[in-house]
>>> print(open('start25.csv').read())   # CSV, C-alpha atoms
chain,number,residue,atom,x,y,z
A,1,MET,CA,67.2,68.0,40.4
A,2,THR,CA,66.4,64.5,39.3
A,3,ARG,CA,62.9,63.1,40.1
A,4,ILE,CA,62.5,59.4,39.3
A,5,PRO,CA,59.1,58.6,37.7
A,6,GLU,CA,56.7,56.7,39.9
A,7,GLN,CA,56.6,53.0,39.7
A,8,THR,CA,55.3,50.3,42.0
A,9,LEU,CA,57.2,47.6,43.8
A,10,PRO,CA,57.7,45.0,42.5
A,11,HIS,CA,58.5,46.1,39.0
A,12,PRO,CA,61.9,44.9,38.1
A,13,THR,CA,63.8,46.4,35.2
A,14,SER,CA,64.2,44.5,31.9
A,15,ALA,CA,67.7,43.6,32.9
A,16,THR,CA,66.6,41.7,36.0
A,17,ALA,CA,63.1,40.5,35.0
A,18,SER,CA,64.3,37.1,33.9
A,19,THR,CA,66.4,36.7,37.1
A,20,THR,CA,63.4,37.7,39.3
A,21,SER,CA,61.2,35.2,37.5
A,22,GLU,CA,63.7,32.4,38.0
A,23,ARG,CA,64.2,33.2,41.7
A,24,ASP,CA,60.4,33.5,42.1
A,25,ALA,CA,59.9,30.1,40.5
A,26,LEU,CA,62.6,28.6,42.7
A,27,GLY,CA,61.0,30.0,45.8
A,28,ARG,CA,57.6,28.6,44.8
A,29,ALA,CA,59.2,25.2,44.1
A,30,ARG,CA,60.5,25.1,47.7
A,31,LEU,CA,57.2,26.3,49.1
A,32,ASP,CA,55.4,23.6,47.1
A,33,VAL,CA,57.2,20.8,49.1
A,34,GLY,CA,56.4,22.3,52.5
A,35,PHE,CA,52.8,23.2,51.6
A,36,ASN,CA,52.2,19.8,50.1
A,37,VAL,CA,53.4,18.0,53.2
A,38,THR,CA,51.4,20.3,55.5
A,39,ALA,CA,48.2,20.1,53.4
A,40,LEU,CA,48.3,16.3,53.1
A,41,ALA,CA,48.9,16.0,56.8
A,42,LEU,CA,45.9,18.2,57.6
A,43,ILE,CA,43.7,16.3,55.1
A,44,ALA,CA,44.8,12.9,56.6
A,45,TYR,CA,44.0,14.2,60.1
A,46,GLN,CA,40.5,15.1,58.9
A,47,PHE,CA,40.1,11.7,57.3
A,48,VAL,CA,41.0,10.0,60.6
A,49,VAL,CA,38.5,12.2,62.5
A,50,MET,CA,35.8,11.0,60.1
A,51,THR,CA,36.7,7.3,60.5
A,52,LEU,CA,36.5,7.7,64.3
A,53,ASN,CA,33.0,9.1,64.1
A,54,LEU,CA,31.4,7.0,61.4
A,55,GLY,CA,28.5,6.1,63.7
A,56,SER,CA,27.4,9.7,64.2
A,57,TYR,CA,26.9,10.6,60.5
A,58,THR,CA,23.3,11.3,59.6
A,59,VAL,CA,23.8,10.4,55.9
A,60,LEU,CA,27.1,8.6,55.7
A,61,PRO,CA,27.1,7.9,52.0
A,62,LEU,CA,27.0,11.7,51.2
A,63,SER,CA,30.1,12.3,53.4
A,64,LEU,CA,31.9,9.4,51.8
A,65,ALA,CA,31.0,10.8,48.4
A,66,ALA,CA,32.4,14.1,49.5
A,67,TRP,CA,35.7,12.5,50.4
A,68,ALA,CA,35.7,10.5,47.2
A,69,VAL,CA,35.4,13.7,45.1
A,70,LEU,CA,38.1,15.5,47.2
A,71,ILE,CA,40.6,12.7,46.9
A,72,ALA,CA,39.9,12.3,43.2
A,73,THR,CA,40.7,16.0,42.6
A,74,LEU,CA,43.9,15.8,44.7
A,75,VAL,CA,45.1,12.7,42.8
A,76,VAL,CA,44.4,14.4,39.4
A,77,ALA,CA,46.3,17.5,40.7
A,78,LEU,CA,49.3,15.5,41.8
A,79,ILE,CA,49.4,13.8,38.4
A,80,LEU,CA,49.1,16.9,36.3
A,81,HIS,CA,51.2,19.3,38.4
A,82,PRO,CA,54.6,18.2,37.1
A,83,ARG,CA,53.4,18.7,33.6
A,84,MET,CA,52.0,22.2,34.2
A,85,PRO,CA,53.8,25.6,33.9
A,86,GLY,CA,54.7,27.6,37.0
A,87,GLU,CA,51.2,28.9,37.5
A,88,LEU,CA,48.1,26.7,37.7
A,89,PRO,CA,45.9,27.1,34.6
A,90,ASP,CA,42.6,28.9,35.1
A,91,TRP,CA,40.5,26.0,33.8
A,92,LEU,CA,42.0,23.5,36.2
A,93,PHE,CA,41.8,25.8,39.2
A,94,TYR,CA,38.2,27.0,38.7
A,95,GLY,CA,37.2,23.4,37.8
A,96,ALA,CA,38.6,22.3,41.2
A,97,LEU,CA,36.8,25.1,43.0
A,98,VAL,CA,33.5,23.9,41.5
A,99,LEU,CA,34.2,20.3,42.7
A,100,TRP,CA,35.3,21.5,46.1
A,101,ALA,CA,32.1,23.5,46.5
A,102,LEU,CA,30.3,20.2,45.8
A,103,VAL,CA,32.4,18.5,48.5
A,104,VAL,CA,31.4,21.2,51.0
A,105,ALA,CA,27.7,20.8,50.1
A,106,LEU,CA,27.8,17.0,50.4
A,107,ASP,CA,29.7,17.0,53.7
A,108,ILE,CA,27.3,19.6,55.3
A,109,THR,CA,24.3,17.5,54.1
A,110,GLY,CA,25.9,14.3,55.3
A,111,THR,CA,26.6,15.6,58.8
A,112,TRP,CA,23.4,17.6,59.2
A,113,SER,CA,21.5,17.2,62.5
A,114,ALA,CA,19.6,19.8,64.5
A,115,GLY,CA,21.3,20.9,67.7
A,116,ASP,CA,24.6,19.7,69.0
A,117,ALA,CA,24.5,16.0,68.0
A,118,GLY,CA,25.7,16.4,64.4
A,119,ALA,CA,28.8,14.6,63.2
A,120,PRO,CA,31.9,16.7,62.7
A,121,LEU,CA,32.6,18.3,59.4
A,122,THR,CA,35.7,16.8,57.9
A,123,ALA,CA,35.7,16.8,54.1
A,124,ALA,CA,34.6,20.4,54.1
A,125,VAL,CA,37.4,21.4,56.4
A,126,ALA,CA,39.9,19.5,54.3
A,127,VAL,CA,38.9,21.8,51.4
A,128,GLY,CA,40.8,24.6,53.2
A,129,SER,CA,43.9,22.5,53.2
A,130,ALA,CA,43.4,21.7,49.5
A,131,LEU,CA,43.4,25.5,48.9
A,132,LEU,CA,46.7,25.6,50.6
A,133,LEU,CA,48.1,23.5,47.9
A,134,CYS,CA,47.2,26.2,45.3
A,135,ALA,CA,48.7,29.1,47.3
A,136,PRO,CA,52.1,29.1,45.6
A,137,VAL,CA,50.7,28.8,42.1
A,138,ARG,CA,47.7,31.2,42.1
A,139,PRO,CA,47.3,35.0,42.8
A,140,PRO,CA,46.5,35.8,46.4
A,141,ARG,CA,42.9,36.8,45.7
A,142,ASP,CA,42.2,33.4,44.1
A,143,ILE,CA,42.9,31.8,47.5
A,144,VAL,CA,41.6,34.4,49.9
A,145,ILE,CA,38.2,34.8,48.4
A,146,PRO,CA,37.4,31.0,48.3
A,147,ALA,CA,38.8,30.6,51.9
A,148,VAL,CA,36.5,33.4,53.2
A,149,ILE,CA,33.5,31.9,51.4
A,150,LEU,CA,34.3,28.5,52.9
A,151,GLY,CA,34.5,30.0,56.4
A,152,VAL,CA,31.2,31.8,55.9
A,153,ALA,CA,29.6,28.6,54.6
A,154,LEU,CA,30.7,26.6,57.6
A,155,ALA,CA,29.7,29.3,60.1
A,156,SER,CA,26.3,29.5,58.5
A,157,ALA,CA,25.9,25.7,58.7
A,158,PHE,CA,26.7,25.8,62.4
A,159,ALA,CA,24.3,28.7,63.0
A,160,LEU,CA,21.4,27.0,61.1
A,161,ARG,CA,21.9,23.8,63.1
A,162,GLY,CA,21.3,25.7,66.3
A,163,GLN,CA,24.0,25.3,68.9
A,164,HIS,CA,22.3,25.0,72.3
A,165,ASP,CA,25.2,24.0,74.4
A,166,VAL,CA,27.8,26.8,75.0
A,167,SER,CA,30.5,24.2,75.2
A,168,ALA,CA,29.9,23.2,71.6
A,169,LEU,CA,30.8,26.6,70.3
A,170,GLY,CA,34.5,26.0,71.0
A,171,PRO,CA,34.7,23.0,68.6
A,172,ALA,CA,32.7,25.0,66.0
A,173,PHE,CA,35.2,27.8,66.1
A,174,VAL,CA,38.1,25.4,65.9
A,175,THR,CA,36.6,23.7,62.9
A,176,ILE,CA,36.2,27.0,61.0
A,177,ALA,CA,39.7,28.0,62.0
A,178,LEU,CA,41.2,24.8,60.6
A,179,SER,CA,39.4,25.4,57.3
A,180,VAL,CA,40.3,29.0,56.9
A,181,ALA,CA,43.7,29.5,58.6
A,182,PRO,CA,45.9,27.2,56.4
A,183,PRO,CA,45.2,28.9,53.0
A,184,LEU,CA,45.3,32.4,54.5
A,185,LEU,CA,48.7,31.7,56.2
A,186,GLY,CA,49.9,30.2,53.0
A,187,VAL,CA,49.1,33.3,51.0
A,188,GLN,CA,50.9,35.5,53.6
A,189,ILE,CA,54.0,33.2,53.5
A,190,VAL,CA,54.1,33.3,49.6
A,191,ARG,CA,53.7,37.1,49.6
A,192,SER,CA,56.5,37.5,52.2
A,193,LEU,CA,58.8,35.3,50.2
A,194,ARG,CA,58.2,37.1,47.0
A,195,THR,CA,58.8,40.5,48.7
A,196,LEU,CA,62.0,39.2,50.2
A,197,VAL,CA,63.3,37.8,46.9
A,198,GLN,CA,62.5,41.0,45.0
A,199,LEU,CA,64.1,43.2,47.7
A,200,GLU,CA,67.3,41.1,47.7
A,201,LEU,CA,67.5,41.3,43.9
A,202,ASP,CA,67.0,45.0,44.1
A,203,LEU,CA,69.7,45.4,46.7
A,204,VAL,CA,72.2,43.3,44.7
A,205,GLN,CA,71.5,45.4,41.6
A,206,VAL,CA,71.9,48.7,43.5
A,207,GLN,CA,75.2,47.5,45.2
A,208,SER,CA,76.6,46.6,41.8
A,209,THR,CA,76.9,50.3,41.0
A,210,VAL,CA,79.3,50.9,44.0
A,211,SER,CA,82.3,49.6,42.0
A,212,ALA,CA,81.2,51.3,38.7
A,213,PRO,CA,83.1,54.2,37.2
A,214,PRO,CA,82.1,57.6,38.6
A,215,TYR,CA,80.4,58.6,35.4
A,216,ALA,CA,79.1,55.9,33.1
A,217,VAL,CA,76.1,54.6,31.4
A,218,GLY,CA,73.7,52.4,33.5
A,219,MET,CA,72.5,48.9,33.0
A,220,MET,CA,69.5,49.8,30.9
A,221,ALA,CA,71.6,52.2,28.8
A,222,SER,CA,74.2,49.4,28.3
A,223,GLU,CA,71.4,47.2,26.8
A,224,GLU,CA,70.6,50.1,24.4
A,225,LEU,CA,74.2,50.5,23.5
A,226,ALA,CA,74.5,46.8,22.8
A,227,ARG,CA,71.5,47.1,20.4
A,228,LEU,CA,73.0,50.1,18.7
A,229,ASP,CA,76.4,48.4,18.4
A,230,LEU,CA,74.8,45.4,16.8
A,231,ALA,CA,73.0,47.6,14.3
A,232,ALA,CA,76.2,49.5,13.4
A,233,GLU,CA,78.1,46.3,13.1
A,234,ARG,CA,75.5,44.9,10.6
A,235,LEU,CA,75.6,48.1,8.6
A,236,LEU,CA,79.4,48.2,8.4
A,237,ASP,CA,79.5,44.4,7.6
A,238,GLY,CA,77.1,45.0,4.8
A,239,VAL,CA,79.3,47.8,3.3
A,240,ALA,CA,82.5,45.7,3.7
A,241,THR,CA,81.0,42.6,2.0
A,242,GLY,CA,79.3,44.5,-0.7
A,243,ARG,CA,75.8,43.6,0.3
A,244,THR,CA,75.1,47.3,0.9
A,245,PRO,CA,76.0,49.3,-2.2
A,246,LEU,CA,77.8,52.6,-2.1
A,247,PRO,CA,76.8,55.4,-2.0
A,248,LEU,CA,74.1,54.6,0.6
A,249,ASP,CA,70.5,55.0,-0.4
A,250,ASP,CA,68.4,57.5,1.6
A,251,ALA,CA,66.8,54.9,3.9
A,252,THR,CA,70.2,53.3,4.8
A,253,ALA,CA,71.9,56.7,5.2
A,254,SER,CA,69.1,57.9,7.5
A,255,ALA,CA,69.4,54.7,9.6
A,256,ALA,CA,73.1,55.2,9.9
A,257,ALA,CA,72.7,58.8,11.0
A,258,SER,CA,70.1,57.8,13.6
A,259,ILE,CA,72.5,55.2,15.0
A,260,ALA,CA,75.3,57.8,15.2
A,261,THR,CA,73.1,60.4,16.9
A,262,GLU,CA,71.9,57.9,19.5
A,263,LEU,CA,75.5,56.8,20.2
A,264,ARG,CA,76.6,60.4,20.7
A,265,LEU,CA,73.6,61.1,23.1
A,266,HIS,CA,74.5,58.1,25.2
A,267,LEU,CA,78.2,59.1,25.4
A,268,ILE,CA,77.1,62.6,26.5
A,269,GLN,CA,74.8,61.2,29.1
A,270,GLY,CA,77.6,59.0,30.3
A,271,ARG,CA,79.6,62.0,31.2
A,272,ARG,CA,76.8,63.6,33.2
A,273,GLU,CA,75.1,60.7,35.0
A,274,THR,CA,76.9,59.3,38.0
A,275,TRP,CA,76.8,55.9,39.5
A,276,LEU,CA,74.3,57.2,42.2
A,277,TYR,CA,71.9,58.4,39.5
A,278,HIS,CA,71.9,55.0,37.8
A,279,ALA,CA,71.6,53.2,41.2
A,280,ILE,CA,68.4,55.1,41.9
A,281,THR,CA,66.8,55.2,38.5
A,282,GLU,CA,67.3,51.5,37.8
A,283,SER,CA,66.0,50.4,41.3
A,284,ALA,CA,62.4,49.3,41.5
A,285,LEU,CA,62.5,50.3,45.2
A,286,LEU,CA,64.4,53.5,45.2
A,287,GLY,CA,63.1,54.9,41.9
A,288,PRO,CA,59.6,55.8,43.0
A,289,SER,CA,60.6,57.2,46.4
A,290,VAL,CA,64.0,58.9,46.1
A,291,THR,CA,64.7,62.4,44.7
A,292,LEU,CA,68.3,63.0,43.9
A,293,ASN,CA,69.7,66.6,43.7
A,294,ASP,CA,73.2,66.4,42.3
A,295,PRO,CA,73.4,68.6,39.3
A,296,GLU,CA,77.2,68.8,39.4
A,297,GLY,CA,77.7,65.0,39.6
A,298,LEU,CA,79.4,65.2,43.0
A,299,ALA,CA,78.5,61.6,43.8
A,300,GLY,CA,81.3,60.5,41.5
A,301,LEU,CA,83.9,61.9,43.9
A,302,LEU,CA,83.0,59.6,46.7
A,303,THR,CA,85.3,56.7,47.6
A,304,ARG,CA,84.1,53.2,47.3
A,305,ASP,CA,83.5,52.8,51.0
A,306,GLN,CA,81.6,56.1,51.1
A,307,ARG,CA,79.4,55.0,48.1
A,308,ASP,CA,78.6,51.7,49.8
A,309,GLY,CA,77.7,53.4,53.1
A,310,LEU,CA,75.5,56.1,51.4
A,311,LEU,CA,73.7,53.7,49.2
A,312,THR,CA,73.1,51.2,52.0
A,313,ALA,CA,71.8,53.9,54.3
A,314,VAL,CA,69.3,55.2,51.6
A,315,TRP,CA,68.2,51.6,50.8
A,316,LEU,CA,67.6,50.7,54.5
A,317,LEU,CA,65.7,54.0,55.1
A,318,ILE,CA,63.3,53.3,52.2
A,319,SER,CA,63.0,49.5,52.4
A,320,ASP,CA,62.2,49.1,56.1
A,321,PRO,CA,58.4,49.5,55.7
A,322,VAL,CA,58.3,47.2,52.7
A,323,ARG,CA,60.2,44.5,54.7
A,324,GLN,CA,58.0,44.9,57.7
A,325,GLY,CA,54.8,44.8,55.6
A,326,ALA,CA,53.7,48.2,56.8
A,327,VAL,CA,51.2,50.3,54.9
A,328,GLN,CA,53.0,53.6,55.5
A,329,THR,CA,55.3,54.7,52.6
A,330,ARG,CA,58.5,56.7,52.8
A,331,THR,CA,60.0,59.3,50.6
A,332,LEU,CA,63.6,60.5,50.6
A,333,GLN,CA,65.4,63.5,49.2
A,334,LEU,CA,69.2,63.3,48.7
A,335,ASP,CA,71.2,66.5,48.3
A,336,LEU,CA,74.9,66.7,47.5
A,337,ILE,CA,76.3,70.2,48.1
A,338,ARG,CA,79.3,71.7,46.5
A,339,PRO,CA,82.3,71.1,48.8
A,340,SER,CA,84.1,73.7,50.6
A,341,ALA,CA,87.8,74.5,49.9
A,342,PRO,CA,90.4,72.5,51.9
A,343,ASP,CA,92.0,74.1,54.9
A,344,ALA,CA,94.8,76.3,53.6
A,345,LEU,CA,96.8,75.7,56.9
A,346,ASP,CA,96.4,71.9,56.6
A,347,PRO,CA,96.0,70.7,53.0
A,348,SER,CA,96.2,67.1,54.2
A,349,ALA,CA,92.9,67.6,56.0
A,350,GLY,CA,91.1,67.3,52.6
A,351,ALA,CA,87.8,68.9,51.5
A,352,ARG,CA,84.4,68.6,53.1
A,353,MET,CA,81.3,67.8,50.9
A,354,PRO,CA,78.0,68.1,52.8
A,355,ILE,CA,75.4,65.5,52.0
A,356,VAL,CA,71.8,66.0,53.3
A,357,ILE,CA,69.3,63.2,53.6
A,358,SER,CA,65.7,64.2,54.2
A,359,ALA,CA,63.4,61.1,54.8
A,360,THR,CA,59.7,61.7,55.3
A,361,GLY,CA,57.5,59.1,57.0
A,362,VAL,CA,60.2,57.8,59.3
A,363,PRO,CA,59.2,57.3,62.9
A,364,ARG,CA,61.7,58.5,65.5
A,365,ASN,CA,62.6,55.0,66.6
A,366,GLY,CA,62.0,53.4,63.2
A,367,VAL,CA,65.5,53.6,61.7
A,368,ASP,CA,67.4,50.3,61.2
A,369,PRO,CA,70.6,50.4,63.4
A,370,ALA,CA,72.5,49.2,60.3
A,371,ALA,CA,71.6,52.5,58.6
A,372,TRP,CA,73.5,54.5,61.2
A,373,GLN,CA,76.5,52.2,60.8
A,374,ALA,CA,76.4,52.7,57.1
A,375,ILE,CA,76.2,56.5,57.4
A,376,ARG,CA,79.3,56.5,59.6
A,377,LYS,CA,81.2,55.1,56.6
A,378,VAL,CA,80.3,58.2,54.7
A,379,GLY,CA,81.4,60.7,57.3
A,380,ARG,CA,80.4,62.4,60.5
A,381,HIS,CA,76.7,63.1,60.8
A,382,VAL,CA,74.1,65.0,62.8
A,383,GLU,CA,70.4,63.9,62.7
A,384,SER,CA,67.3,65.9,63.7
A,385,PHE,CA,63.5,65.2,63.6
A,386,SER,CA,60.8,67.6,62.5
A,387,GLY,CA,57.4,66.0,62.6
A,388,SER,CA,57.7,62.9,60.5
A,389,THR,CA,60.8,64.1,58.7
A,390,LEU,CA,64.2,62.8,59.6
A,391,ARG,CA,67.1,65.1,58.4
A,392,ILE,CA,70.6,63.7,58.4
A,393,GLU,CA,73.5,66.1,57.6
A,394,ILE,CA,76.7,64.2,56.7
A,395,ASP,CA,80.1,65.8,56.3
A,396,SER,CA,82.0,63.5,53.9
A,397,LEU,CA,85.7,64.1,53.6
A,398,SER,CA,88.0,63.7,50.6
A,399,HIS,CA,91.7,63.2,51.3
A,400,ASN,CA,92.5,64.2,47.7
A,401,PRO,CA,91.3,67.8,47.4
A,402,ALA,CA,92.4,67.9,43.8
A,403,ASP,CA,89.4,65.8,43.0
A,404,PHE,CA,87.2,68.8,43.8
>>> encode(input="start25.csv", output="structure tokens")
Amino acid sequence: MTRIPEQTLPHPTSATASTTSERDALGRARLDVGFNVTALALIAYQFVVMTLNLGSYTVLPLSLAAWAVLIATLVVALILHPRMPGELPDWLFYGALVLWALVVALDITGTWSAGDAGAPLTAAVAVGSALLLCAPVRPPRDIVIPAVILGVALASAFALRGQHDVSALGPAFVTIALSVAPPLLGVQIVRSLRTLVQLELDLVQVQSTVSAPPYAVGMMASEELARLDLAAERLLDGVATGRTPLPLDDATASAAASIATELRLHLIQGRRETWLYHAITESALLGPSVTLNDPEGLAGLLTRDQRDGLLTAVWLLISDPVRQGAVQTRTLQLDLIRPSAPDALDPSAGARMPIVISATGVPRNGVDPAAWQAIRKVGRHVESFSGSTLRIEIDSLSHNPADF
């Protein structure tokens, strides 16, 4: 029985970390354009609202000063952004937050009036749109917390003014929503995109094992073998060129023996670990949730279509809550059972190898239809539910009984 150590998604392997980073940066770059256009449009709208209500401001210079500070920070951000790395530096972000807090204070003071006759808040509302600009380049908490504080500040301002007319409550709620909704929606969009990118990368990595040899070293072991190969090459080159004198000294001989031992261990593991083992262990999604029980390495006997169907079904059963953003987690146990002997009366019928999938935390109607299509590629199946556990028994068939 193989139990994969617990990890958290996302946590890509070293072989895919750089690719994930590049994809993530590309996704943020595309979001930047959309967020910039949306945020600037919302800020321009608030500026137009202010110009249409200039006569109703109690202290107009303070509101104009608030807009001046806000526009100045946006101009500086647009100038510095192309020169900055992927994530906005802390000093620049927190400095902007301090200035935007000043903007909110100035705008509330400039529009203050008891009752319902106060001028509309505009610069303070535009701060929420400014936070939207930072959503792709800052962690979610750095956007959510200031957005919530902004909403509380505006709600407190309306409460302290004293809204006597019930009809004035609607515009107050709209004002708060316009300030809080854009950054919160931006955070959700960024998180969804990152999850999608990481899931797609994980799926590509997992599917790459379908065409691998039945028994071989995995991607991570390949990196280790490349390191050992380089070390052995340097050692042999030193001996060949005379840089390393013979006989070898104790330290060099110990290093050579260590390299040989590690190479032998990897070769032995390569004869025992199947493509399915590597697909699970090297997957950031499947690793923490899937238990593989295949002590005899029977997964290596599946055909390419059967491999693809089995791996796709397992991936869909595990990934569905992650894709939907659900809190519920799923676990899955995969058992490959020693096949029965082929039918003596009809050798062409092949041999049957039972495969049992036990998925916990799967609702009765919560299985992606594509998972059932993938399972049909493996063989005939029967499913049953017991509480929150879905049990799928598959009869896979090999048309070459000699393989068994």
>>> closest_residue(input="start25.csv", among="A:Arg352, A:Arg338, A:Arg307, A:His278", to="Pro295 in chain A", atoms="all atoms listed in the file")
A:Arg338
>>> residues_near_point(input="start25.csv", point="(21.2, 6.9, 58.2)", cutoff="12 Å", atoms="all atoms listed in the file", output="list in words")
Leu54, Gly55, Ser56, Tyr57, Thr58, Val59, Leu60, Pro61, Leu62, Ser63, Thr109, Gly110, Thr111, Trp112, Ser113 and Ala119 of chain A
>>> write_last_selection(input="start25.csv", atoms="C-alpha atoms", output="JSON list (two decimals), in the coordinates of the input")
[["chain", "number", "residue", "atom", "x", "y", "z"],
["A", 54, "LEU", "CA", 31.40, 7.00, 61.40],
["A", 55, "GLY", "CA", 28.50, 6.10, 63.70],
["A", 56, "SER", "CA", 27.40, 9.70, 64.20],
["A", 57, "TYR", "CA", 26.90, 10.60, 60.50],
["A", 58, "THR", "CA", 23.30, 11.30, 59.60],
["A", 59, "VAL", "CA", 23.80, 10.40, 55.90],
["A", 60, "LEU", "CA", 27.10, 8.60, 55.70],
["A", 61, "PRO", "CA", 27.10, 7.90, 52.00],
["A", 62, "LEU", "CA", 27.00, 11.70, 51.20],
["A", 63, "SER", "CA", 30.10, 12.30, 53.40],
["A", 109, "THR", "CA", 24.30, 17.50, 54.10],
["A", 110, "GLY", "CA", 25.90, 14.30, 55.30],
["A", 111, "THR", "CA", 26.60, 15.60, 58.80],
["A", 112, "TRP", "CA", 23.40, 17.60, 59.20],
["A", 113, "SER", "CA", 21.50, 17.20, 62.50],
["A", 119, "ALA", "CA", 28.80, 14.60, 63.20]]
>>> atom_distance(input="start25.csv", atom1="CA of Leu88 in chain A", atom2="CA of Ser192 in chain A")
19.9 Å
>>> closest_residue(input="start25.csv", among="A:Ile394, A:Leu150, A:Ala155, A:Leu316", to="Glu200 in chain A", atoms="all atoms listed in the file")
A:Leu316
>>> atom_distance(input="start25.csv", atom1="CA of Met353 in chain A", atom2="CA of Leu336 in chain A")
7.3 Å
>>> atom_distance(input="start25.csv", atom1="CA of Pro171 in chain A", atom2="CA of Thr122 in chain A")
12.4 Å
>>> residues_around(input="start25.csv", residues="Val210 in chain A", least_positions_apart="5", cutoff="8 Å", atoms="all atoms listed in the file", output="VMD selection string")
chain A and resid 275 304 307 to 308
>>> write_last_selection(input="start25.csv", atoms="C-alpha atoms", output="PDB file, in the frame of the given file")
ATOM      1  CA  TRP A 275      76.800  55.900  39.500  1.00  0.00           C
ATOM      2  CA  ARG A 304      84.100  53.200  47.300  1.00  0.00           C
ATOM      3  CA  ARG A 307      79.400  55.000  48.100  1.00  0.00           C
ATOM      4  CA  ASP A 308      78.600  51.700  49.800  1.00  0.00           C
TER       5      ASP A 308
END
>>> closest_residue(input="start25.csv", among="A:Leu298, A:Leu235, A:Ala279, A:Ala159", to="Ala256 in chain A", atoms="all atoms listed in the file")
A:Leu235
>>> closest_residue(input="start25.csv", among="A:Val367, A:Ala153, A:Ala232, A:Leu97", to="Leu390 in chain A", atoms="all atoms listed in the file")
A:Val367
>>> closest_residue(input="start25.csv", among="A:Asn53, A:Ala313, A:Asn36, A:Asp142", to="Asp90 in chain A", atoms="all atoms listed in the file")
A:Asp142
>>> residues_around(input="start25.csv", residues="Arg141 in chain A", least_positions_apart="4", cutoff="9 Å", atoms="only C-alpha atoms", output="JSON, numbers by chain")
{"A": [145, 146, 187]}
>>> closest_residue(input="start25.csv", among="A:Val103, A:Tyr277, A:Leu310, A:Gly151", to="Glu296 in chain A", atoms="all atoms listed in the file")
A:Tyr277
